Every structure is written in structure tokens, then in C-alpha cells.
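I have placed the structure first, in the form of C-alpha cells, so that the comments after it can refer back to it.
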Amino acid sequence: MNKKLLDSERPLSLRNDQLPLPHSHTHSQYLKAATSDNTRKAYRSAIRQFEKWGGRLPSDRDTIVRYLLDHAEVLNSRTLDLHLTAISQWHHVQGLTDPVATPLVRKTMDGIRRIHGRPKRKAKALRLEHLTVMLAHLRQLPDSKKKYRDIALLLTNFFGAFRRSELVSIQVSDLNWEPEGLIIRLERSKTDQDGEGLIRALPFGDQSVCAASALKHWLEVAEINEGPVFRPVNRWGQVQAKSLNPGAINDLLKTLGTACDFDFVPDLSSHSFRRGLSTSAARERVDFELIKKQGGWKSDTTVWGYIEEGQQFTNNATVVLMKKMADIVKAQE
């Protein structure tokens, strides 16, 4: 029998590109892992808000435009962008036509950004002076486990340039002590979705400012030999077995900022540590690659942005001009 005839008469349903996808627990795990938990939560919240307003999925162009018009003056344009992304992703996953991709929706959103868009509020970058004041405040407090935890947390978060989710996920098994200092290895972080891992080196230094020494002291005082490194401490000074909640880092910063009479307390957040490390290093003319490495930044653009922020007064055209003008003034006196 002719082989070509057999191939041509093979039912279309048997073609590889037409076969139904296999469904298994492993496949579901891979699909779930493709999107981070935080992103998934944000998308679910966005969809709930859309449906609470009266939207239905699948949706259409006109419904989405009405949703944008109703919320243009109520929600931040970045929030609306997130909502559109969530709706768009839902349609893509279902294999349906994406109404968000239509020119009318895109142009409407462009107009909303132009008219109502506001600059993203940035966390206040902690300077070395700020960190010094906060540490001085903590050290004058009565001895307690919480005191030593907070000292270790401040120094580790600043010099390690950790995101708060990374900091609270550190386990004792992630700590590698060397004669020169401490190496912290995490299997995964927020921007490391492919599991390449994260490494931070904290060299030993002067005891008053050494993150590695402060961390070792906290572990000894709290008698932590395994499990989470940073943990809650209750009002009776008892160290809990669970990891510290990420939100507690923001609360601690604002509490310390208030106690130290800082005038920028509302602008303090966990990101103040990362911004602080990068901008402080830039002011001290630390090499670009060293700053990028310590913060684990993937984007050169992000790092250059921090460097420009840290050097905006020193790398400034007016510095030379003011010096020249001052010389002219002195010559005329």
C-alpha cells in the first residue's frame, strides 16, 4: 500500500499539533510556577474589582473602556494598567481574543496617563547618617532580644541590600561563615524566577557597624540554630518559631524614624534600605559593578538611576560655575 496515501488519509485528530494537551499534577505545578504568587494575588484582586464594578469575563472592548472612564479619576493610572494586564492575561490563558489589545482601549489608557498620571512615590533613601542615628537609639535601650534582633536587621538589610521578602526568608542553613565574613545564599528571590539563586557577602568590620557580627550576636542571644533567622519577639521577650512578617520591617522603620524625629517618616519603607545602600555607595564613588553586584540588580539602567541620584549634587554643572563665580566675587572685593 502507498505510504503517501496512508499519511494523507491519517485523521486530522491524530496530528501532533491537534492532540489534546496532557493534564497532570506535574503539568499544573509548572503552569503555577510560571507566575509568582505575588503577581497571581495582584491579578486575582484586579479581576475581583473589575467584576465588583459589574464587568464579566470574557469581556469586550466597550465594557473595558467604560471601566476605565469610571475609574480614571479614582484609581492611579499604574493601578489601572495592572487591571488591564490582569484582564488581558485572563483572555490569553483562555485562548480568547484579548479586548485590551484593541486600539480604542490602548488610546484611552494613554490619555488617562497623560491627564491623570502622577510620578511614582519613591521610598526615602536611608543615608549612613540616618542608619547611625537609628542604631544609637536602639543601643541606648535596655538589653532585650528584640533590641539585638532589630540591630541585626537594620545592618543586614542595609549592607545586604535585601528586599523584605528576601530578608525574612533567610534560614540558618543559608548562612555560610568564612574567616572574612558571612555569605548568605538564597535559592530564589523576587527577580530570580528561574532559580539561579542569590548571594550576598557581608565582610567583618568594626563591631559598631558590622552586619555579620550583629547577625551572629542575635542568633546567639536568641539561641537560634535552625529555621528562620529573623523572627517575631513577643512582649514577654519570647522568640517565635515562625519567620518575621515582611510588613513588620516597614513598621519597625517607621517606629524608629518617629523615635529619631526624622521628618520623612511617611516616606520610609523596606525599599529605603536598597535605595540607601546604592545611593550612599554612589556618593562614595564605589564602582558601578560593585553596587550592581551587592544589590543583585539585573538592570544597568536601574543602577545608573541610583548612582545619578546619589551624585546629583557632586556631579552637577553648577558646582564648577559657583566656584568660578565665588572667585570672581573675591577678586572684586
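Labels used: A, B, ... for chains in the order of the C-alpha cells, numbers from 1 for residues in each chain, and numbers from 1 for ligands as shown.
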
Would you write out, as a Markdown table, a table of all residues in stretch 108-182 of chain A that have an atom no more than 10 Å from an atom of stretch 54-70 of chain A, listing for each the closest atom pair and the distance in Å to one decimal, considering only C-alpha atoms and ordering rows by chain and rising residue number?
| residue | atom | partner | partner_atom | distance |
| --- | --- | --- | --- | --- |
| A:Thr108 | CA | A:Val65 | CA | 7.1 |
| A:Met109 | CA | A:Leu68 | CA | 7.4 |
| A:Ile112 | CA | A:Leu68 | CA | 8.4 |

Given the selection you just returned, output its residues as a file containing N, CA and C atoms, formatted as a PDB file, in the first residue's frame.
ATOM      1  N   THR A 108      -7.302  55.098  24.952  1.00  0.00           N
ATOM      2  CA  THR A 108      -7.984  55.616  26.136  1.00  0.00           C
ATOM      3  C   THR A 108      -7.046  55.613  27.333  1.00  0.00           C
ATOM      4  N   MET A 109      -6.308  54.526  27.494  1.00  0.00           N
ATOM      5  CA  MET A 109      -5.379  54.412  28.620  1.00  0.00           C
ATOM      6  C   MET A 109      -4.223  55.395  28.481  1.00  0.00           C
ATOM      7  N   ILE A 112      -5.505  58.727  29.680  1.00  0.00           N
ATOM      8  CA  ILE A 112      -5.642  58.755  31.141  1.00  0.00           C
ATOM      9  C   ILE A 112      -4.285  58.996  31.794  1.00  0.00           C
TER      10      ILE A 112
END

So which bits of stretch 181-303 of chain A end up helix (DSSP H, G or I) when you DSSP the backbone, as a ChimeraX atom specification?
/A:211-222,247-259,265-267,271-283,288-295,300-303

The distance between atom CA of A:Lys124 and atom CA of A:Ala259 is 16.7 Å

With a distance cut-off of 12 Å and only C-alpha atoms, select the neighbouring residues of A:Arg44, excluding the residue or stretch itself and same-chain residues fewer than 2 positions from it, and output the selection as JSON, numbers by chain.
{"A": [37, 38, 39, 40, 41, 42, 46, 47, 48, 49, 50, 51, 82, 83, 85, 86, 87, 89, 90]}

Any chance you could export the current selection's N, CA and C atoms as a PDB file, in the first residue's frame?
ATOM      1  N   ASP A  37       3.664  34.084  43.095  1.00  0.00           N
ATOM      2  CA  ASP A  37       2.489  34.147  43.967  1.00  0.00           C
ATOM      3  C   ASP A  37       1.984  35.579  44.113  1.00  0.00           C
ATOM      4  N   ASN A  38       2.908  36.531  44.258  1.00  0.00           N
ATOM      5  CA  ASN A  38       2.507  37.929  44.424  1.00  0.00           C
ATOM      6  C   ASN A  38       1.786  38.454  43.186  1.00  0.00           C
ATOM      7  N   THR A  39       2.298  38.091  42.000  1.00  0.00           N
ATOM      8  CA  THR A  39       1.646  38.522  40.759  1.00  0.00           C
ATOM      9  C   THR A  39       0.270  37.900  40.646  1.00  0.00           C
ATOM     10  N   ARG A  40       0.176  36.627  41.000  1.00  0.00           N
ATOM     11  CA  ARG A  40      -1.113  35.924  40.926  1.00  0.00           C
ATOM     12  C   ARG A  40      -2.138  36.579  41.848  1.00  0.00           C
ATOM     13  N   LYS A  41      -1.695  36.955  43.057  1.00  0.00           N
ATOM     14  CA  LYS A  41      -2.603  37.618  44.002  1.00  0.00           C
ATOM     15  C   LYS A  41      -3.061  38.962  43.470  1.00  0.00           C
ATOM     16  N   ALA A  42      -2.115  39.701  42.866  1.00  0.00           N
ATOM     17  CA  ALA A  42      -2.450  41.023  42.319  1.00  0.00           C
ATOM     18  C   ALA A  42      -3.457  40.891  41.184  1.00  0.00           C
ATOM     19  N   ALA A  46      -7.330  42.330  41.041  1.00  0.00           N
ATOM     20  CA  ALA A  46      -7.761  43.199  39.944  1.00  0.00           C
ATOM     21  C   ALA A  46      -9.030  42.659  39.286  1.00  0.00           C
ATOM     22  N   ILE A  47      -9.075  41.359  39.062  1.00  0.00           N
ATOM     23  CA  ILE A  47     -10.261  40.745  38.450  1.00  0.00           C
ATOM     24  C   ILE A  47     -11.472  40.903  39.357  1.00  0.00           C
ATOM     25  N   ARG A  48     -11.261  40.734  40.672  1.00  0.00           N
ATOM     26  CA  ARG A  48     -12.377  40.892  41.619  1.00  0.00           C
ATOM     27  C   ARG A  48     -12.943  42.304  41.569  1.00  0.00           C
ATOM     28  N   GLN A  49     -12.062  43.313  41.482  1.00  0.00           N
ATOM     29  CA  GLN A  49     -12.522  44.700  41.416  1.00  0.00           C
ATOM     30  C   GLN A  49     -13.287  44.965  40.121  1.00  0.00           C
ATOM     31  N   PHE A  50     -12.805  44.382  39.035  1.00  0.00           N
ATOM     32  CA  PHE A  50     -13.488  44.542  37.746  1.00  0.00           C
ATOM     33  C   PHE A  50     -14.887  43.927  37.808  1.00  0.00           C
ATOM     34  N   GLU A  51     -14.999  42.750  38.397  1.00  0.00           N
ATOM     35  CA  GLU A  51     -16.290  42.067  38.486  1.00  0.00           C
ATOM     36  C   GLU A  51     -17.213  42.754  39.491  1.00  0.00           C
ATOM     37  N   LEU A  82      -2.369  47.763  35.788  1.00  0.00           N
ATOM     38  CA  LEU A  82      -2.349  46.422  36.365  1.00  0.00           C
ATOM     39  C   LEU A  82      -3.661  45.705  36.091  1.00  0.00           C
ATOM     40  N   HIS A  83      -4.776  46.419  36.242  1.00  0.00           N
ATOM     41  CA  HIS A  83      -6.085  45.811  35.981  1.00  0.00           C
ATOM     42  C   HIS A  83      -6.192  45.359  34.532  1.00  0.00           C
ATOM     43  N   THR A  85      -3.740  44.550  32.551  1.00  0.00           N
ATOM     44  CA  THR A  85      -2.852  43.402  32.366  1.00  0.00           C
ATOM     45  C   THR A  85      -3.516  42.126  32.862  1.00  0.00           C
ATOM     46  N   ALA A  86      -4.180  42.199  34.011  1.00  0.00           N
ATOM     47  CA  ALA A  86      -4.853  41.024  34.571  1.00  0.00           C
ATOM     48  C   ALA A  86      -5.966  40.538  33.645  1.00  0.00           C
ATOM     49  N   ILE A  87      -6.756  41.477  33.141  1.00  0.00           N
ATOM     50  CA  ILE A  87      -7.848  41.113  32.223  1.00  0.00           C
ATOM     51  C   ILE A  87      -7.285  40.531  30.934  1.00  0.00           C
ATOM     52  N   GLN A  89      -4.372  39.006  30.524  1.00  0.00           N
ATOM     53  CA  GLN A  89      -3.810  37.683  30.785  1.00  0.00           C
ATOM     54  C   GLN A  89      -4.900  36.628  30.897  1.00  0.00           C
ATOM     55  N   TRP A  90      -6.018  36.977  31.508  1.00  0.00           N
ATOM     56  CA  TRP A  90      -7.136  36.020  31.634  1.00  0.00           C
ATOM     57  C   TRP A  90      -7.592  35.570  30.248  1.00  0.00           C
TER      58      TRP A  90
END
